[in-house]
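Containing mmCIF, C-alpha atoms and all ligand atoms: target03.cif.
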```cif
data_entry
loop_
_atom_site.group_PDB
_atom_site.id
_atom_site.type_symbol
_atom_site.label_atom_id
_atom_site.label_comp_id
_atom_site.auth_asym_id
_atom_site.auth_seq_id
_atom_site.Cartn_x
_atom_site.Cartn_y
_atom_site.Cartn_z
ATOM 1 C CA MET A 229 0.000 0.000 0.000
ATOM 2 C CA ASN A 230 1.346 3.431 -0.958
ATOM 3 C CA ARG A 231 1.285 6.156 1.654
ATOM 4 C CA CYS A 232 1.215 9.922 1.341
ATOM 5 C CA ILE A 233 4.651 11.300 2.285
ATOM 6 C CA VAL A 234 3.079 14.162 4.240
ATOM 7 C CA CYS A 235 0.334 12.601 6.376
ATOM 8 C CA LYS A 236 0.981 8.834 5.857
ATOM 9 C CA CYS A 237 -2.575 8.264 4.678
ATOM 10 C CA PRO A 238 -2.768 5.129 2.471
ATOM 11 C CA TYR A 239 -3.845 5.656 -1.134
ATOM 12 C CA GLU A 240 -4.644 3.578 -4.218
ATOM 13 C CA GLU A 241 -2.458 3.543 -7.298
ATOM 14 C CA GLY A 242 -3.676 6.148 -9.793
ATOM 15 C CA GLN A 243 -5.072 8.681 -7.285
ATOM 16 C CA VAL A 244 -3.837 12.167 -8.098
ATOM 17 C CA ALA A 245 -4.050 13.756 -4.651
ATOM 18 C CA CYS A 246 -4.002 12.514 -1.074
ATOM 19 C CA PRO A 247 -7.603 12.150 0.207
ATOM 20 C CA VAL A 248 -6.611 13.672 3.578
ATOM 21 C CA CYS A 249 -4.111 16.464 2.912
ATOM 22 C CA GLY A 250 -4.446 16.965 -0.837
ATOM 23 C CA PHE A 251 -0.729 16.501 -1.493
ATOM 24 C CA PRO A 252 -0.115 15.721 -5.177
ATOM 25 C CA LEU A 253 0.690 12.008 -5.443
ATOM 26 C CA LEU A 254 1.882 11.981 -9.033
ATOM 27 C CA PHE A 255 4.775 14.409 -8.577
ATOM 28 C CA ASP A 256 8.117 13.586 -10.106
ATOM 29 C CA ARG A 257 9.923 11.527 -7.452
ATOM 30 C CA GLU A 258 13.242 12.411 -9.067
ATOM 31 C CA SER A 259 12.727 16.115 -8.398
ATOM 32 C CA ASP A 260 15.137 18.075 -6.235
ATOM 33 C CA PRO A 261 14.982 16.664 -2.664
ATOM 34 C CA ALA A 262 15.190 20.112 -1.062
ATOM 35 C CA THR A 263 12.269 21.394 -3.124
ATOM 36 C CA LEU A 264 10.263 18.281 -2.335
ATOM 37 C CA GLN A 265 11.029 18.553 1.400
ATOM 38 C CA LYS A 266 9.914 22.184 1.419
ATOM 39 C CA LEU A 267 6.655 21.217 -0.285
ATOM 40 C CA VAL A 268 6.119 18.454 2.302
ATOM 41 C CA ASP A 269 6.850 20.802 5.217
ATOM 42 C CA ASP A 270 4.641 23.566 3.827
ATOM 43 C CA THR A 271 1.730 21.166 3.375
ATOM 44 C CA LYS A 272 2.160 19.736 6.888
ATOM 45 C CA ASN A 273 2.375 23.239 8.381
ATOM 46 C CA SER A 274 -0.724 24.374 6.529
ATOM 47 C CA TYR A 275 -2.709 21.721 8.440
ATOM 48 C CA LEU A 276 -0.953 21.411 11.791
ATOM 49 C CA ALA A 277 0.406 24.888 12.575
ATOM 50 C CA ASP A 278 -1.702 26.439 15.363
ATOM 51 C CA VAL A 279 -3.262 23.066 16.228
ATOM 52 C CA SER A 280 -2.934 22.140 19.883
ATOM 53 C CA VAL A 281 -4.241 19.309 22.049
ATOM 54 C CA MET A 282 -5.639 20.043 25.491
ATOM 55 C CA MET A 283 -6.902 17.744 28.235
ATOM 56 C CA LEU A 284 -9.592 18.299 30.839
ATOM 57 C CA THR A 285 -7.933 18.058 34.241
ATOM 58 C CA TYR A 286 -9.568 18.040 37.653
ATOM 59 C CA ARG A 287 -8.363 19.650 40.808
ATOM 60 C CA CYS A 288 -9.469 17.556 43.741
ATOM 61 C CA ASP A 289 -9.490 18.039 47.459
ATOM 62 C CA THR A 290 -8.948 15.088 49.719
ATOM 63 C CA GLU A 291 -9.918 16.850 52.937
ATOM 64 C CA ASN A 292 -11.772 14.594 55.373
ATOM 65 C CA GLY A 293 -10.559 11.618 53.361
ATOM 66 C CA LEU A 294 -13.155 12.363 50.672
ATOM 67 C CA PHE A 295 -12.353 12.897 47.031
ATOM 68 C CA GLU A 296 -14.069 16.170 46.284
ATOM 69 C CA GLU A 297 -13.841 17.813 42.894
ATOM 70 C CA LYS A 298 -12.896 21.483 43.271
ATOM 71 C CA SER A 299 -12.527 22.665 39.712
ATOM 72 C CA LYS A 300 -11.783 21.494 36.227
ATOM 73 C CA GLU A 301 -9.995 23.154 33.368
ATOM 74 C CA TYR A 302 -8.367 22.361 30.058
ATOM 75 C CA THR A 303 -4.586 22.077 30.208
ATOM 76 C CA LYS A 304 -2.558 22.366 27.031
ATOM 77 C CA LEU A 305 -0.600 19.175 26.389
ATOM 78 C CA PHE A 306 1.008 19.513 22.969
ATOM 79 C CA ASP A 307 1.264 21.466 19.766
ATOM 80 C CA ALA A 308 0.565 19.225 16.785
ATOM 81 C CA LEU A 309 3.829 20.248 15.092
ATOM 82 C CA GLN A 310 5.814 18.747 18.009
ATOM 83 C CA LEU A 311 4.652 15.256 17.039
ATOM 84 C CA SER A 312 6.497 12.846 14.801
ATOM 85 C CA TYR A 313 5.400 9.510 13.410
ATOM 86 C CA GLY A 314 6.307 6.366 15.320
ATOM 87 C CA GLU A 315 7.125 8.115 18.609
ATOM 88 C CA THR A 316 5.144 8.696 21.755
ATOM 89 C CA LEU A 317 5.656 12.201 23.076
ATOM 90 C CA TRP A 318 5.183 12.329 26.857
ATOM 91 C CA PHE A 319 3.699 15.377 28.538
ATOM 92 C CA ASP A 320 6.236 16.926 30.875
ATOM 93 C CA LYS A 321 4.134 16.742 34.023
ATOM 94 C CA ASP A 322 3.379 13.909 36.411
ATOM 95 C CA TYR A 323 -0.144 13.268 37.607
ATOM 96 C CA GLU A 324 -1.012 11.269 40.679
ATOM 97 C CA SER A 325 0.548 7.832 40.397
ATOM 98 C CA VAL A 326 -2.317 5.327 40.237
ATOM 99 C CA GLU A 327 -2.044 1.770 38.941
ATOM 100 C CA CYS A 328 -5.101 0.802 36.934
ATOM 101 C CA ASP A 329 -6.340 -1.895 34.574
ATOM 102 C CA GLU A 330 -9.893 -0.568 34.243
ATOM 103 C CA PRO A 331 -11.135 1.403 31.229
ATOM 104 C CA ILE A 332 -10.809 5.149 31.745
ATOM 105 C CA ASN A 333 -12.125 8.154 29.841
ATOM 106 C CA VAL A 334 -9.962 11.080 28.784
ATOM 107 C CA ASP A 335 -11.551 14.370 27.706
ATOM 108 C CA ILE A 336 -9.548 16.002 24.951
ATOM 109 C CA ARG A 337 -9.987 19.303 23.151
ATOM 110 C CA VAL A 338 -8.322 19.906 19.781
ATOM 111 C CA CYS A 339 -7.921 23.632 19.115
ATOM 112 C CA HIS A 340 -7.184 25.173 15.757
ATOM 113 C CA ALA A 341 -7.109 28.958 15.890
ATOM 114 C CA ASP A 342 -10.484 29.808 17.461
ATOM 115 C CA VAL A 343 -12.211 26.541 16.541
ATOM 116 C CA SER A 344 -12.180 23.659 18.993
ATOM 117 C CA VAL A 345 -13.506 20.096 18.875
ATOM 118 C CA ASP A 346 -14.018 18.010 22.018
ATOM 119 C CA TYR A 347 -13.566 14.242 22.261
ATOM 120 C CA THR A 348 -14.209 11.830 25.102
ATOM 121 C CA LEU A 349 -11.790 8.985 24.454
ATOM 122 C CA SER A 350 -11.704 5.541 26.058
ATOM 123 C CA VAL A 351 -8.419 4.048 27.144
ATOM 124 C CA ILE A 352 -8.727 0.306 27.772
ATOM 125 C CA PRO A 353 -5.593 -1.129 29.414
ATOM 126 C CA GLU A 354 -4.765 -4.760 28.637
ATOM 127 C CA ARG A 355 -2.700 -4.912 31.802
ATOM 128 C CA MET A 356 -1.846 -2.702 34.765
ATOM 129 C CA VAL A 357 -0.647 0.758 33.734
ATOM 130 C CA ASN A 358 0.292 3.777 35.760
ATOM 131 C CA LEU A 359 -1.944 6.767 35.073
ATOM 132 C CA GLY A 360 0.705 9.230 36.224
ATOM 133 C CA LYS A 361 2.031 9.951 32.725
ATOM 134 C CA ILE A 362 0.135 10.996 29.643
ATOM 135 C CA GLY A 363 1.421 11.114 26.102
ATOM 136 C CA ILE A 364 0.361 11.314 22.497
ATOM 137 C CA ARG A 365 1.170 9.309 19.389
ATOM 138 C CA LEU A 366 0.772 10.601 15.842
ATOM 139 C CA GLU A 367 -1.125 8.233 13.535
ATOM 140 C CA ASP A 368 -1.667 8.105 9.782
ATOM 141 C CA GLY A 369 -3.827 10.785 8.192
ATOM 142 C CA PHE A 370 -3.170 13.519 10.805
ATOM 143 C CA LYS A 371 -4.817 11.489 13.555
ATOM 144 C CA ALA A 372 -3.489 10.803 17.033
ATOM 145 C CA ARG A 373 -4.022 8.614 20.091
ATOM 146 C CA ILE A 374 -3.669 9.481 23.744
ATOM 147 C CA VAL A 375 -1.274 7.150 25.564
ATOM 148 C CA VAL A 376 -1.128 6.569 29.325
ATOM 149 C CA GLY A 377 1.573 4.698 31.222
ATOM 150 C CA SER A 378 5.186 4.499 30.158
ATOM 151 C CA ASP A 379 7.258 3.413 27.166
ATOM 152 C CA THR A 380 7.210 -0.164 28.473
ATOM 153 C CA ALA A 381 3.659 -0.499 29.866
ATOM 154 C CA ASN A 382 1.033 1.684 28.267
ATOM 155 C CA ALA A 383 -2.488 1.808 26.914
ATOM 156 C CA CYS A 384 -3.850 3.861 24.032
ATOM 157 C CA SER A 385 -7.124 5.551 23.279
ATOM 158 C CA GLU A 386 -8.955 5.243 19.995
ATOM 159 C CA GLU A 387 -7.843 7.644 17.258
ATOM 160 C CA PHE A 388 -8.986 11.239 17.051
ATOM 161 C CA SER A 389 -8.412 13.734 14.262
ATOM 162 C CA LEU A 390 -6.000 16.654 14.580
ATOM 163 C CA ILE A 391 -7.639 18.453 11.650
ATOM 164 C CA SER A 392 -11.246 19.481 11.190
HETATM 165 ZN ZN ZN C 401 -1.659 13.199 2.837
#
```

Encoded form using structure tokens:
Amino acid sequence: MNRCIVCKCPYEEGQVACPVCGFPLLFDRESDPATLQKLVDDTKNSYLADVSVMMLTYRCDTENGLFEEKSKEYTKLFDALQLSYGETLWFDKDYESVECDEPINVDIRVCHADVSVDYTLSVIPERMVNLGKIGIRLEDGFKARIVVGSDTANACSEEFSLIS
């Protein structure tokens, strides 16, 4: 299966443009590598510049031994242009260390300029993972998954789109 060199979306032989990012698929592959790379970067930037991923976080109070929700707010996790294919980027903040093998929901907001789209994603661990670290993994076609755990023991959400 051929894949678009910008967004990794698979495409059929004979298609003229990528169905996701519109990159021309019939360009001359022998063309100047620097020119081609600039075209790839410009196309990627035109979709992902100004796109950021936020997560709904809760501030809790454990006074009296009770878990009481005090407030919730969206925290910015990543800019889409920080992401690269095949790597999990971990958010540089530790949350409370809790071992869990139950499904959890993560509320995500994808912002692009002044437009935002909210997703409630399910993360279903196959084994015990620690919820203290959250990351993101870029997938084909400008999609991504939220990852919780660590490089060695983690669980992923379903895919969500970084572009609207
Ligand atoms: Zn593409």

Dump the neighbourhood of ligand ZN 401 (chain C) as a compact mmCIF listing (two decimals) with C-alpha atoms, keeping the file's coordinate frame: all residues within 9 Å, distances computed on only C-alpha atoms and all ligand atoms.
```
# COMPACT_ATOMS: atom_id res chain seq x y z
CA ARG A 231 1.28 6.16 1.65
CA CYS A 232 1.22 9.92 1.34
CA ILE A 233 4.65 11.30 2.28
CA VAL A 234 3.08 14.16 4.24
CA CYS A 235 0.33 12.60 6.38
CA LYS A 236 0.98 8.83 5.86
CA CYS A 237 -2.58 8.26 4.68
CA PRO A 238 -2.77 5.13 2.47
CA TYR A 239 -3.84 5.66 -1.13
CA ALA A 245 -4.05 13.76 -4.65
CA CYS A 246 -4.00 12.51 -1.07
CA PRO A 247 -7.60 12.15 0.21
CA VAL A 248 -6.61 13.67 3.58
CA CYS A 249 -4.11 16.46 2.91
CA GLY A 250 -4.45 16.96 -0.84
CA PHE A 251 -0.73 16.50 -1.49
CA PRO A 252 -0.12 15.72 -5.18
CA LEU A 253 0.69 12.01 -5.44
CA THR A 271 1.73 21.17 3.38
CA LYS A 272 2.16 19.74 6.89
CA ASP A 368 -1.67 8.10 9.78
CA GLY A 369 -3.83 10.78 8.19
CA PHE A 370 -3.17 13.52 10.80
```

Selection under test: the PyMOL selection byres (((chain A and resi 390) around 12) and not hetatm); residues as a PyMOL selection string: chain A and resi 235+248-249+272+275-282+306-309+311+336-340+343-347+364-374+387-389+391-392

Cut-off 8 Å around (1.9, 6.1, 41.2) with only C-alpha atoms: residues as a list in words: Glu324, Ser325, Val326, Glu327, Asn358, Leu359 and Gly360 of chain A

Residues in the PyMOL selection byres (((chain A and resi 286) around 7) and not hetatm), expressed as a list in words: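 Evaluating the PyMOL selection byres (((chain A and resi 286) around 7) and not hetatm) on these coordinates yields Leu284, Thr285, Arg287, Cys288, Glu297, Ser299, Lys300 and Glu301 of chain A.
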
Å distance separating atom CA of Thr316 of chain A from atom CA of Met356 of chain A, one decimal place: 18.7 Å
